[in-house]
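With mmCIF, C-alpha atoms inside, this is run.cif:
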```
data_work
loop_
_atom_site.group_PDB
_atom_site.id
_atom_site.type_symbol
_atom_site.label_atom_id
_atom_site.label_comp_id
_atom_site.auth_asym_id
_atom_site.auth_seq_id
_atom_site.Cartn_x
_atom_site.Cartn_y
_atom_site.Cartn_z
ATOM 1 C CA MET A 16 14.476 79.483 -206.630
ATOM 2 C CA ASN A 17 11.183 81.172 -207.337
ATOM 3 C CA ALA A 18 9.998 84.193 -205.354
ATOM 4 C CA ALA A 19 7.178 82.409 -203.509
ATOM 5 C CA ARG A 20 9.525 79.740 -202.195
ATOM 6 C CA HIS A 21 12.073 82.358 -201.141
ATOM 7 C CA ILE A 22 9.422 84.340 -199.258
ATOM 8 C CA ALA A 23 8.112 81.174 -197.582
ATOM 9 C CA ARG A 24 11.628 80.251 -196.420
ATOM 10 C CA THR A 25 12.216 83.774 -195.128
ATOM 11 C CA HIS A 26 8.987 83.692 -193.120
ATOM 12 C CA LYS A 27 9.781 80.227 -191.771
ATOM 13 C CA ALA A 28 13.240 81.384 -190.652
ATOM 14 C CA ALA A 29 11.737 84.518 -189.079
ATOM 15 C CA ARG A 30 9.293 82.436 -187.033
ATOM 16 C CA ALA A 31 12.145 80.293 -185.674
ATOM 17 C CA THR A 32 14.196 83.240 -184.352
ATOM 18 C CA ASN A 33 13.742 85.697 -181.527
ATOM 19 C CA ARG A 34 11.207 88.501 -181.981
ATOM 20 C CA ALA A 35 13.663 91.321 -182.668
ATOM 21 C CA LEU A 36 15.314 89.426 -185.513
ATOM 22 C CA ALA A 37 11.960 88.205 -186.829
ATOM 23 C CA TYR A 38 10.547 91.724 -187.097
ATOM 24 C CA ARG A 39 13.823 92.984 -188.576
ATOM 25 C CA THR A 40 13.583 90.265 -191.223
ATOM 26 C CA LEU A 41 9.967 91.070 -192.010
ATOM 27 C CA SER A 42 10.783 94.788 -192.351
ATOM 28 C CA GLY A 43 13.798 94.068 -194.577
ATOM 29 C CA LEU A 44 15.290 97.015 -196.420
ATOM 30 C CA VAL A 45 12.960 99.499 -194.746
ATOM 31 C CA ALA A 46 14.403 98.610 -191.321
ATOM 32 C CA ALA A 47 17.925 99.006 -192.700
ATOM 33 C CA ALA A 48 17.034 102.450 -194.052
ATOM 34 C CA VAL A 49 15.596 103.463 -190.660
ATOM 35 C CA GLU A 50 18.736 102.298 -188.860
ATOM 36 C CA GLN A 51 20.917 104.269 -191.283
ATOM 37 C CA GLY A 52 18.796 107.399 -190.872
ATOM 38 C CA ARG A 53 17.591 107.518 -194.475
ATOM 39 C CA LEU A 54 14.039 107.013 -193.183
ATOM 40 C CA ILE A 55 12.654 108.220 -189.855
ATOM 41 C CA ARG A 56 9.549 107.629 -187.795
ATOM 42 C CA THR A 57 7.438 110.474 -186.453
ATOM 43 C CA GLY A 58 8.754 109.853 -182.943
ATOM 44 C CA ASP A 59 12.312 110.266 -184.224
ATOM 45 C CA LEU A 60 11.495 113.738 -185.536
ATOM 46 C CA LEU A 61 9.837 114.719 -182.266
ATOM 47 C CA GLU A 62 12.964 113.637 -180.380
ATOM 48 C CA ARG A 63 15.144 115.724 -182.713
ATOM 49 C CA LEU A 64 12.957 118.729 -182.020
ATOM 50 C CA GLY A 65 13.126 118.192 -178.262
ATOM 51 C CA ALA A 66 9.529 117.021 -177.952
ATOM 52 C CA GLY A 67 10.208 113.340 -177.358
ATOM 53 C CA ASP A 68 8.609 113.609 -173.936
ATOM 54 C CA LEU A 69 5.114 114.227 -175.347
ATOM 55 C CA ARG A 70 2.549 111.718 -174.113
ATOM 56 C CA ASP A 71 2.105 108.632 -176.271
ATOM 57 C CA GLY A 72 -1.418 109.618 -177.228
ATOM 58 C CA TYR A 73 -0.233 112.984 -178.499
ATOM 59 C CA GLN A 74 2.565 111.393 -180.504
ATOM 60 C CA SER A 75 0.102 108.947 -182.001
ATOM 61 C CA TRP A 76 -2.230 111.719 -183.132
ATOM 62 C CA TYR A 77 0.707 113.617 -184.587
ATOM 63 C CA GLY A 78 1.541 110.482 -186.599
ATOM 64 C CA LYS A 79 -2.042 110.322 -187.865
ATOM 65 C CA HIS A 80 -1.841 113.932 -189.058
ATOM 66 C CA VAL A 81 1.446 113.214 -190.833
ATOM 67 C CA LYS A 82 0.031 110.120 -192.501
ATOM 68 C CA ALA A 83 -3.018 112.046 -193.721
ATOM 69 C CA ALA A 84 -0.777 114.777 -195.162
ATOM 70 C CA TYR A 85 1.417 112.154 -196.843
ATOM 71 C CA ILE A 86 -1.559 110.389 -198.427
ATOM 72 C CA ALA A 87 -2.984 113.720 -199.608
ATOM 73 C CA ALA A 88 0.320 114.618 -201.255
ATOM 74 C CA ASN A 89 1.286 111.225 -202.717
ATOM 75 C CA GLY A 90 -1.988 109.355 -203.102
ATOM 76 C CA GLN A 91 -0.698 106.274 -201.275
ATOM 77 C CA PRO A 92 0.212 105.371 -197.700
ATOM 78 C CA PRO A 93 3.842 105.590 -196.513
ATOM 79 C CA VAL A 94 6.088 102.548 -196.128
ATOM 80 C CA LYS A 95 5.857 100.750 -192.801
ATOM 81 C CA VAL A 96 8.426 99.213 -190.506
ATOM 82 C CA TRP A 97 8.142 97.099 -187.375
ATOM 83 C CA ALA A 98 9.401 99.059 -184.372
ATOM 84 C CA ARG A 99 9.458 98.482 -180.671
ATOM 85 C CA HIS A 100 7.304 100.805 -178.557
ATOM 86 C CA ARG A 101 9.450 103.070 -176.400
ATOM 87 C CA ARG A 102 7.627 102.299 -173.142
ATOM 88 C CA THR A 103 5.691 99.059 -173.416
ATOM 89 C CA GLY A 104 8.216 97.143 -175.522
ATOM 90 C CA ARG A 105 5.455 95.830 -177.802
ATOM 91 C CA TRP A 106 6.100 95.638 -181.523
ATOM 92 C CA ASN A 107 4.089 98.069 -183.663
ATOM 93 C CA HIS A 108 3.829 98.521 -187.409
ATOM 94 C CA VAL A 109 4.640 102.221 -187.887
ATOM 95 C CA ALA A 110 5.112 104.481 -190.886
ATOM 96 C CA ALA A 111 8.546 105.672 -191.986
ATOM 97 C CA TYR A 112 9.270 108.842 -193.941
ATOM 98 C CA SER A 113 12.189 110.652 -195.512
ATOM 99 C CA PRO A 114 13.660 113.129 -192.996
ATOM 100 C CA PHE A 115 12.971 115.894 -195.517
ATOM 101 C CA ASP A 116 9.383 114.882 -196.296
ATOM 102 C CA LEU A 117 7.137 117.934 -196.133
ATOM 103 C CA SER A 118 4.267 115.926 -194.622
ATOM 104 C CA LEU A 119 6.225 115.644 -191.333
ATOM 105 C CA TYR A 120 6.186 119.411 -191.006
ATOM 106 C CA ILE A 121 2.619 119.819 -192.245
ATOM 107 C CA GLY A 122 1.623 117.374 -189.491
ATOM 108 C CA LEU A 123 3.436 119.531 -186.947
ATOM 109 C CA ALA A 124 1.537 122.621 -188.054
ATOM 110 C CA THR A 125 -1.906 120.999 -188.339
ATOM 111 C CA TYR A 126 -1.937 119.155 -185.009
ATOM 112 C CA LYS A 127 -2.647 121.584 -182.176
ATOM 113 C CA ARG A 128 -0.425 119.804 -179.626
ATOM 114 C CA THR A 129 2.650 120.140 -181.883
ATOM 115 C CA ALA A 130 1.831 123.426 -183.620
ATOM 116 C CA PHE A 131 4.287 125.293 -181.389
ATOM 117 C CA LEU A 132 7.071 123.211 -182.958
ATOM 118 C CA ALA A 133 6.154 124.449 -186.456
ATOM 119 C CA GLN A 134 8.527 127.384 -186.362
ATOM 120 C CA PRO A 135 11.522 128.033 -188.646
ATOM 121 C CA ALA A 136 14.020 127.582 -185.801
ATOM 122 C CA PHE A 137 12.751 124.053 -185.144
ATOM 123 C CA TYR A 138 12.822 123.191 -188.860
ATOM 124 C CA GLN A 139 16.421 124.330 -189.096
ATOM 125 C CA ALA A 140 17.394 122.150 -186.139
ATOM 126 C CA ALA A 141 15.740 119.082 -187.668
ATOM 127 C CA PHE A 142 17.287 119.596 -191.108
ATOM 128 C CA THR A 143 20.745 120.233 -189.674
ATOM 129 C CA GLU A 144 20.691 117.074 -187.572
ATOM 130 C CA ALA A 145 19.270 114.929 -190.388
ATOM 131 C CA ALA A 146 21.926 115.998 -192.884
#
```
Rewrite the structure from the file as structure tokens, please.
Amino acid sequence: MNAARHIARTHKAARATNRALAYRTLSGLVAAAVEQGRLIRTGDLLERLGAGDLRDGYQSWYGKHVKAAYIAANGQPPVKVWARHRRTGRWNHVAAYSPFDLSLYIGLATYKRTAFLAQPAFYQAAFTEAA
């Protein structure tokens, strides 16, 4: 079977299932890596650092700072995964990073609302939990 036909069948099957399975199918291997902890979202890191209670707007801006740092370092945008919003339940297309990606920590330091988290003690906690 050629690739185009396989992709078309996958999309057709995804449209016929419930939303959670459809988005999981569309995200594919990236979603599997997020579930296994090999990739994390910015909100996951904030929860590990004890800042998961930051307002959604602040978390969003932190994610924008991380994405900008990632693009500056790698020259391309990060991989994306479909994830359910923690409060509204809506599905969003969000970036996923390696838990040890330096751009996560550069984003902490460059965004004023999360700059207090950019201390060695917080880094150690995040690296210990991720390993």
- [ ] Go through the shown structure with the PyMOL selection byres ((chain A and resi 79) around 12) and write out the matching residues as a ChimeraX atom specification.
- [x] /A:56-58,72-78,80-86,92-93,109-110,118-119,121-123,125-126
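Our summary of the geometry notes that CA of Lys95 (chain A) is positioned 14.6 Å from CA of Pro114 (chain A).
In this structure, CA of Tyr120 (chain A) sits 25.6 Å away from CA of Trp106 (chain A).
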Box centre and edge lengths (Å, one decimal), axis-aligned, region 47-65 of chain A plus 5 Å each side, as lines of an AutoDock Vina configuration file:
```
center_x = 14.2
center_y = 108.9
center_z = -186.4
size_x = 23.5
size_y = 29.7
size_z = 26.2
```
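Considering the residues A:Ser42, A:Gln134, A:Thr129, A:Thr32 and counting only C-alpha atoms, Trp97 (chain A) has its shortest atom-to-atom contact with A:Ser42.
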Determine the residue membership of the PyMOL selection byres ((chain A and resi 113) around 10) for the file above and supply it as a PDB file with C-alpha atoms, keeping the file's coordinate frame.
```pdb
ATOM      1  CA  ALA A  48      17.034 102.450-194.052  1.00  0.00           C
ATOM      2  CA  VAL A  49      15.596 103.463-190.660  1.00  0.00           C
ATOM      3  CA  GLY A  52      18.796 107.399-190.872  1.00  0.00           C
ATOM      4  CA  ARG A  53      17.591 107.518-194.475  1.00  0.00           C
ATOM      5  CA  LEU A  54      14.039 107.013-193.183  1.00  0.00           C
ATOM      6  CA  ILE A  55      12.654 108.220-189.855  1.00  0.00           C
ATOM      7  CA  ARG A  56       9.549 107.629-187.795  1.00  0.00           C
ATOM      8  CA  PRO A  93       3.842 105.590-196.513  1.00  0.00           C
ATOM      9  CA  ALA A 111       8.546 105.672-191.986  1.00  0.00           C
ATOM     10  CA  TYR A 112       9.270 108.842-193.941  1.00  0.00           C
ATOM     11  CA  PRO A 114      13.660 113.129-192.996  1.00  0.00           C
ATOM     12  CA  PHE A 115      12.971 115.894-195.517  1.00  0.00           C
ATOM     13  CA  ASP A 116       9.383 114.882-196.296  1.00  0.00           C
ATOM     14  CA  LEU A 117       7.137 117.934-196.133  1.00  0.00           C
ATOM     15  CA  SER A 118       4.267 115.926-194.622  1.00  0.00           C
ATOM     16  CA  LEU A 119       6.225 115.644-191.333  1.00  0.00           C
ATOM     17  CA  ALA A 145      19.270 114.929-190.388  1.00  0.00           C
TER      18      ALA A 145
END
```
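Here CA of His26 (chain A) is placed at a distance of 17.9 Å from CA of Asn107 (chain A).
Restricting the calculation to all atoms listed in the file, the smallest distance between Arg39 (chain A) and any of A:Val96, A:Leu132, A:Arg101, A:Leu61 is found for A:Val96.
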All heavy atoms for region 65-76 of chain A, written as an mmCIF file, keeping the file's coordinate frame, could you do that?
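selection.cif was written with the following content:
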```
data_model
loop_
_atom_site.group_PDB
_atom_site.id
_atom_site.type_symbol
_atom_site.label_atom_id
_atom_site.label_comp_id
_atom_site.auth_asym_id
_atom_site.auth_seq_id
_atom_site.Cartn_x
_atom_site.Cartn_y
_atom_site.Cartn_z
ATOM 1 N N GLY A 65 13.193 118.022 -179.706
ATOM 2 C CA GLY A 65 13.126 118.192 -178.262
ATOM 3 C C GLY A 65 11.755 117.934 -177.678
ATOM 4 O O GLY A 65 11.476 118.323 -176.547
ATOM 5 N N ALA A 66 10.885 117.291 -178.431
ATOM 6 C CA ALA A 66 9.529 117.021 -177.952
ATOM 7 C C ALA A 66 9.293 115.527 -177.771
ATOM 8 O O ALA A 66 8.156 115.069 -177.818
ATOM 9 C CB ALA A 66 8.506 117.604 -178.924
ATOM 10 N N GLY A 67 10.339 114.778 -177.536
ATOM 11 C CA GLY A 67 10.208 113.340 -177.358
ATOM 12 C C GLY A 67 9.482 112.945 -176.092
ATOM 13 O O GLY A 67 9.092 111.791 -175.928
ATOM 14 N N ASP A 68 9.289 113.901 -175.193
ATOM 15 C CA ASP A 68 8.609 113.609 -173.936
ATOM 16 C C ASP A 68 7.096 113.824 -174.018
ATOM 17 O O ASP A 68 6.405 113.708 -173.009
ATOM 18 C CB ASP A 68 9.193 114.451 -172.808
ATOM 19 C CG ASP A 68 9.098 115.941 -173.071
ATOM 20 O OD1 ASP A 68 8.827 116.331 -174.224
ATOM 21 O OD2 ASP A 68 9.312 116.719 -172.123
ATOM 22 N N LEU A 69 6.567 114.122 -175.203
ATOM 23 C CA LEU A 69 5.114 114.227 -175.347
ATOM 24 C C LEU A 69 4.467 112.894 -174.997
ATOM 25 O O LEU A 69 5.051 111.835 -175.220
ATOM 26 C CB LEU A 69 4.732 114.586 -176.785
ATOM 27 C CG LEU A 69 4.903 116.022 -177.222
ATOM 28 C CD1 LEU A 69 4.570 116.152 -178.700
ATOM 29 C CD2 LEU A 69 4.007 116.939 -176.423
ATOM 30 N N ARG A 70 3.255 112.951 -174.457
ATOM 31 C CA ARG A 70 2.549 111.718 -174.113
ATOM 32 C C ARG A 70 2.351 110.862 -175.352
ATOM 33 O O ARG A 70 2.267 111.361 -176.475
ATOM 34 C CB ARG A 70 1.201 112.050 -173.489
ATOM 35 C CG ARG A 70 1.358 112.652 -172.116
ATOM 36 C CD ARG A 70 0.068 112.959 -171.410
ATOM 37 N NE ARG A 70 -1.103 112.300 -171.930
ATOM 38 C CZ ARG A 70 -2.337 112.752 -171.756
ATOM 39 N NH1 ARG A 70 -2.540 113.859 -171.103
ATOM 40 N NH2 ARG A 70 -3.367 112.087 -172.244
ATOM 41 N N ASP A 71 2.253 109.559 -175.152
ATOM 42 C CA ASP A 71 2.105 108.632 -176.271
ATOM 43 C C ASP A 71 0.875 108.932 -177.120
ATOM 44 O O ASP A 71 0.917 108.839 -178.336
ATOM 45 C CB ASP A 71 2.032 107.189 -175.761
ATOM 46 C CG ASP A 71 3.354 106.710 -175.205
ATOM 47 O OD1 ASP A 71 4.386 107.291 -175.568
ATOM 48 O OD2 ASP A 71 3.348 105.747 -174.430
ATOM 49 N N GLY A 72 -0.209 109.302 -176.487
ATOM 50 C CA GLY A 72 -1.418 109.618 -177.228
ATOM 51 C C GLY A 72 -1.235 110.816 -178.142
ATOM 52 O O GLY A 72 -1.742 110.844 -179.262
ATOM 53 N N TYR A 73 -0.495 111.807 -177.674
ATOM 54 C CA TYR A 73 -0.233 112.984 -178.499
ATOM 55 C C TYR A 73 0.670 112.624 -179.677
ATOM 56 O O TYR A 73 0.470 113.100 -180.789
ATOM 57 C CB TYR A 73 0.411 114.096 -177.682
ATOM 58 C CG TYR A 73 -0.455 114.665 -176.579
ATOM 59 C CD1 TYR A 73 0.105 115.418 -175.565
ATOM 60 C CD2 TYR A 73 -1.823 114.454 -176.551
ATOM 61 C CE1 TYR A 73 -0.668 115.963 -174.554
ATOM 62 C CE2 TYR A 73 -2.613 114.990 -175.541
ATOM 63 C CZ TYR A 73 -2.028 115.732 -174.547
ATOM 64 O OH TYR A 73 -2.805 116.260 -173.553
ATOM 65 N N GLN A 74 1.675 111.799 -179.418
ATOM 66 C CA GLN A 74 2.565 111.393 -180.504
ATOM 67 C C GLN A 74 1.812 110.574 -181.538
ATOM 68 O O GLN A 74 2.052 110.701 -182.736
ATOM 69 C CB GLN A 74 3.746 110.602 -179.954
ATOM 70 C CG GLN A 74 4.729 111.453 -179.199
ATOM 71 C CD GLN A 74 6.026 110.737 -178.903
ATOM 72 O OE1 GLN A 74 6.373 109.770 -179.568
ATOM 73 N NE2 GLN A 74 6.744 111.212 -177.905
ATOM 74 N N SER A 75 0.891 109.756 -181.085
ATOM 75 C CA SER A 75 0.102 108.947 -182.001
ATOM 76 C C SER A 75 -0.762 109.819 -182.904
ATOM 77 O O SER A 75 -0.840 109.594 -184.120
ATOM 78 C CB SER A 75 -0.778 107.979 -181.201
ATOM 79 O OG SER A 75 -1.647 107.285 -182.048
ATOM 80 N N TRP A 76 -1.401 110.827 -182.323
ATOM 81 C CA TRP A 76 -2.230 111.719 -183.132
ATOM 82 C C TRP A 76 -1.384 112.535 -184.087
ATOM 83 O O TRP A 76 -1.801 112.828 -185.214
ATOM 84 C CB TRP A 76 -3.093 112.612 -182.250
ATOM 85 C CG TRP A 76 -4.344 111.905 -181.860
ATOM 86 C CD1 TRP A 76 -4.620 111.336 -180.654
ATOM 87 C CD2 TRP A 76 -5.469 111.656 -182.701
ATOM 88 N NE1 TRP A 76 -5.853 110.739 -180.694
ATOM 89 C CE2 TRP A 76 -6.400 110.927 -181.940
ATOM 90 C CE3 TRP A 76 -5.782 111.962 -184.018
ATOM 91 C CZ2 TRP A 76 -7.616 110.502 -182.447
ATOM 92 C CZ3 TRP A 76 -6.999 111.540 -184.524
ATOM 93 C CH2 TRP A 76 -7.901 110.830 -183.748
#
```
